[in-house]
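The structure under discussion appears below in the form of structure tokens.
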Amino acid sequence: MIRMPRPAIALVLFAGLLPVACGTVNTTSTRSAPSEDSVATNAQINDLFTEIFLHVRGVRKFPTRSGVLQAQVDVANDGFNTRGFSYLFTWQDERGNPILGPMHVWKTARVAAGGSITISSVAPGPEATDFSIQVRRAEN
Amino acid sequence: MTRTIASLSLAAALLSLPACASKATYIETGGTDSIVSVGEVDIQDLQRAASGMLESLIALGTLQNAPHQPARLRIERVVNDTSSAFDVGELTYRMREQLVNSGQATVLTAYGANAESPEAQERLKQEAFRRGETSVESLEPDFFLTGKITQLKRSAGRTRQTTYTFRLTLTDSRTGQEAWTKVVDVTKQGQKNAVGF
């Protein structure tokens, strides 16, 4: 068995913690209550790895100046590295049918370790009442 | 015996190589299997830019304030000032599809080789005038759409980075003032092109 001197062990532990500390984000907010436009959601998890590190922290839905709805989703990264992901908003009419068209496209985003970002989507028209969002881990 | 097994394994591995080669297949246009080019504008970039423009235009309701409903739009010059060769119609036609088909705008078109050109529309006006018709008014747009696409390239070592900036402006034809403007940036970084994002 190899015995390491105590300073060496401390150095190894410190080096191991460095990646955790570097590049992570600290967040300060003036608001603790959830937004008045927050809505309840249902989630179907197929990729547990994504859910562990990247997760949806809040979902809001509210009318824009023109009256059409806008969705905002807060995505938080609890991992130790910056993570990229792709997402796709699909708006639905009041009968639950998806509204497809040129605005129905995959987009990408990146979140720093320990941080969160807000991704958003504006409905294609006034007929849109609900939405779903698919989140997929980035390839690289 | 061991050498025979090793030889057979090597032969099997070599035989499997052709099967691993990527075969041509259909993918979702702009989907997550698309090729990502560091120094070129890809189809998904144009889709994202068009979507971003539309979201802004629809959310602000600029077209709802036009004197005519649906709003009359004339698409003017959108300049591609990048080193990437693509038709700017890939951007504007995606926007037109959403705006026209949803009844939020009509795009003024005439006839001829380039139906959207001001020359073609002017010719239509002149012919209507000769016939003594007053349909000239129907060709007056509420807004002109203009724009520019630029790029900013940087590199650090072997890593390259390109930002494509899409900017569009709607000008109110009555006042000549800017009624709406939007900038959408798409930044890509890497050492080489890749499949999937």
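Chain labels run A, B, ... following the order of the structure tokens; each chain numbers its residues from 1, and ligands are numbered from 1 in the order shown.
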* To do: Please report, as a list in words, each residue of segment 114-187 of chain B to which DSSP assigns helix (DSSP H, G or I) when run on this structure's backbone.
  =>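 The helix (DSSP H, G or I) subset of segment 114-187 of chain B is Pro118, Glu119, Ala120, Gln121, Glu122, Arg123, Leu124, Lys125, Gln126, Glu127, Ala128, Phe129, Arg130, Ser135, Val136, Glu137, Ser138 and Leu139 of chain B.
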* To do: Report as a list in words the set of chain A residues whose atoms approach chain B to within 6 Å, with distances computed over only C-alpha atoms.
  =>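 Residues passing the distance filter: Thr64, Arg65, Ser66, Pro102, Met103, Val122, Ala138 and Glu139 of chain A.
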Can you write out the residues you just picked, keeping N, CA and C atoms, as a PDB file, in the first residue's frame?
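Heads up, here's the output in result12.pdb:
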ATOM      1  N   THR A  64     -48.397  38.918 -24.462  1.00  0.00           N
ATOM      2  CA  THR A  64     -47.483  39.978 -24.886  1.00  0.00           C
ATOM      3  C   THR A  64     -48.295  41.236 -25.204  1.00  0.00           C
ATOM      4  N   ARG A  65     -47.624  42.263 -25.688  1.00  0.00           N
ATOM      5  CA  ARG A  65     -48.286  43.518 -26.018  1.00  0.00           C
ATOM      6  C   ARG A  65     -49.390  43.320 -27.066  1.00  0.00           C
ATOM      7  N   SER A  66     -49.149  42.405 -27.985  1.00  0.00           N
ATOM      8  CA  SER A  66     -50.134  42.172 -29.050  1.00  0.00           C
ATOM      9  C   SER A  66     -51.263  41.249 -28.606  1.00  0.00           C
ATOM     10  N   PRO A 102     -43.102  27.838 -39.608  1.00  0.00           N
ATOM     11  CA  PRO A 102     -41.700  28.288 -39.610  1.00  0.00           C
ATOM     12  C   PRO A 102     -41.149  28.656 -38.229  1.00  0.00           C
ATOM     13  N   MET A 103     -42.039  28.841 -37.248  1.00  0.00           N
ATOM     14  CA  MET A 103     -41.541  29.187 -35.916  1.00  0.00           C
ATOM     15  C   MET A 103     -41.299  27.946 -35.061  1.00  0.00           C
ATOM     16  N   VAL A 122     -42.550  32.869 -28.336  1.00  0.00           N
ATOM     17  CA  VAL A 122     -43.798  33.606 -28.556  1.00  0.00           C
ATOM     18  C   VAL A 122     -44.690  32.736 -29.435  1.00  0.00           C
ATOM     19  N   ALA A 138     -26.984  18.483 -25.603  1.00  0.00           N
ATOM     20  CA  ALA A 138     -26.214  18.788 -26.813  1.00  0.00           C
ATOM     21  C   ALA A 138     -25.266  17.645 -27.127  1.00  0.00           C
ATOM     22  N   GLU A 139     -24.926  17.538 -28.415  1.00  0.00           N
ATOM     23  CA  GLU A 139     -24.021  16.468 -28.855  1.00  0.00           C
ATOM     24  C   GLU A 139     -22.617  16.679 -28.305  1.00  0.00           C
TER      25      GLU A 139
END
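For segment 23-28 of chain A, the non-local neighbours within 7 Å, defined as residues at least 5 positions apart in the same chain or in other chains and counting only C-alpha atoms, are A:Phe80, A:Ala112, A:Ala113, A:Gly114, A:Gly115.
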Can I get the selected residues back with N, CA and C atoms, as a PDB file, in the first residue's frame?
ATOM      1  N   PHE A  80     -21.311  20.392 -12.676  1.00  0.00           N
ATOM      2  CA  PHE A  80     -20.057  21.093 -12.405  1.00  0.00           C
ATOM      3  C   PHE A  80     -19.424  21.682 -13.661  1.00  0.00           C
ATOM      4  N   ALA A 112     -24.183  27.943 -17.644  1.00  0.00           N
ATOM      5  CA  ALA A 112     -22.967  27.789 -16.838  1.00  0.00           C
ATOM      6  C   ALA A 112     -23.264  26.928 -15.620  1.00  0.00           C
ATOM      7  N   ALA A 113     -22.225  26.270 -15.097  1.00  0.00           N
ATOM      8  CA  ALA A 113     -22.386  25.427 -13.914  1.00  0.00           C
ATOM      9  C   ALA A 113     -22.940  26.247 -12.757  1.00  0.00           C
ATOM     10  N   GLY A 114     -23.960  25.727 -12.120  1.00  0.00           N
ATOM     11  CA  GLY A 114     -24.556  26.414 -10.978  1.00  0.00           C
ATOM     12  C   GLY A 114     -25.463  27.564 -11.357  1.00  0.00           C
ATOM     13  N   GLY A 115     -25.609  27.824 -12.635  1.00  0.00           N
ATOM     14  CA  GLY A 115     -26.414  28.958 -13.085  1.00  0.00           C
ATOM     15  C   GLY A 115     -27.722  28.520 -13.706  1.00  0.00           C
TER      16      GLY A 115
END
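For the atom pair formed by atom CA of Ile117 of chain A and atom CA of His104 of chain A, the distance is 20.5 Å, given to one decimal.
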* Asked: Hey, what's within 10 Å of Thr118 of chain A if we count only C-alpha atoms and toss same-chain stuff fewer than 4 positions away? As a ChimeraX atom specification, please?
  -> /A:56-59,71-76,109,111
Could you dump the residues just selected with N, CA and C atoms as a JSON list (two decimals), in the first residue's frame?
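again_1.json was written with the following content:
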[["chain", "number", "residue", "atom", "x", "y", "z"],
["A", 56, "VAL", "N", -35.80, 21.98, -15.25],
["A", 56, "VAL", "CA", -36.67, 23.15, -15.37],
["A", 56, "VAL", "C", -37.02, 23.64, -13.98],
["A", 57, "ARG", "N", -36.73, 24.90, -13.72],
["A", 57, "ARG", "CA", -36.95, 25.44, -12.38],
["A", 57, "ARG", "C", -38.25, 26.25, -12.30],
["A", 58, "GLY", "N", -38.67, 26.79, -13.44],
["A", 58, "GLY", "CA", -39.91, 27.58, -13.42],
["A", 58, "GLY", "C", -40.46, 27.74, -14.82],
["A", 59, "VAL", "N", -41.77, 27.79, -14.93],
["A", 59, "VAL", "CA", -42.43, 27.97, -16.23],
["A", 59, "VAL", "C", -43.47, 29.07, -16.08],
["A", 71, "ALA", "N", -44.16, 32.21, -23.68],
["A", 71, "ALA", "CA", -43.76, 31.23, -22.66],
["A", 71, "ALA", "C", -42.32, 31.52, -22.25],
["A", 72, "GLN", "N", -42.05, 31.39, -20.96],
["A", 72, "GLN", "CA", -40.68, 31.52, -20.46],
["A", 72, "GLN", "C", -40.39, 30.31, -19.58],
["A", 73, "VAL", "N", -39.25, 29.70, -19.79],
["A", 73, "VAL", "CA", -38.86, 28.53, -19.01],
["A", 73, "VAL", "C", -37.47, 28.76, -18.44],
["A", 74, "ASP", "N", -37.35, 28.62, -17.12],
["A", 74, "ASP", "CA", -36.04, 28.75, -16.46],
["A", 74, "ASP", "C", -35.39, 27.37, -16.42],
["A", 75, "VAL", "N", -34.19, 27.27, -16.99],
["A", 75, "VAL", "CA", -33.46, 26.00, -16.98],
["A", 75, "VAL", "C", -32.21, 26.18, -16.13],
["A", 76, "ALA", "N", -32.08, 25.34, -15.11],
["A", 76, "ALA", "CA", -30.94, 25.44, -14.18],
["A", 76, "ALA", "C", -29.97, 24.29, -14.42],
["A", 109, "ALA", "N", -29.01, 26.38, -26.45],
["A", 109, "ALA", "CA", -28.61, 27.28, -25.36],
["A", 109, "ALA", "C", -27.55, 26.60, -24.52],
["A", 111, "VAL", "N", -25.82, 26.68, -20.44],
["A", 111, "VAL", "CA", -25.97, 27.17, -19.07],
["A", 111, "VAL", "C", -24.68, 26.92, -18.31]]
* Near Leu170 of chain B, counting only C-alpha atoms, which residues have an atom at most 7 Å away, once you skip same-chain residues fewer than 3 positions from it, shown as a list in words? ->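 Contacts, with the query itself left out: Phe143, Phe144, Leu145, Thr146, Glu178, Ala179, Trp180 and Thr181 of chain B.
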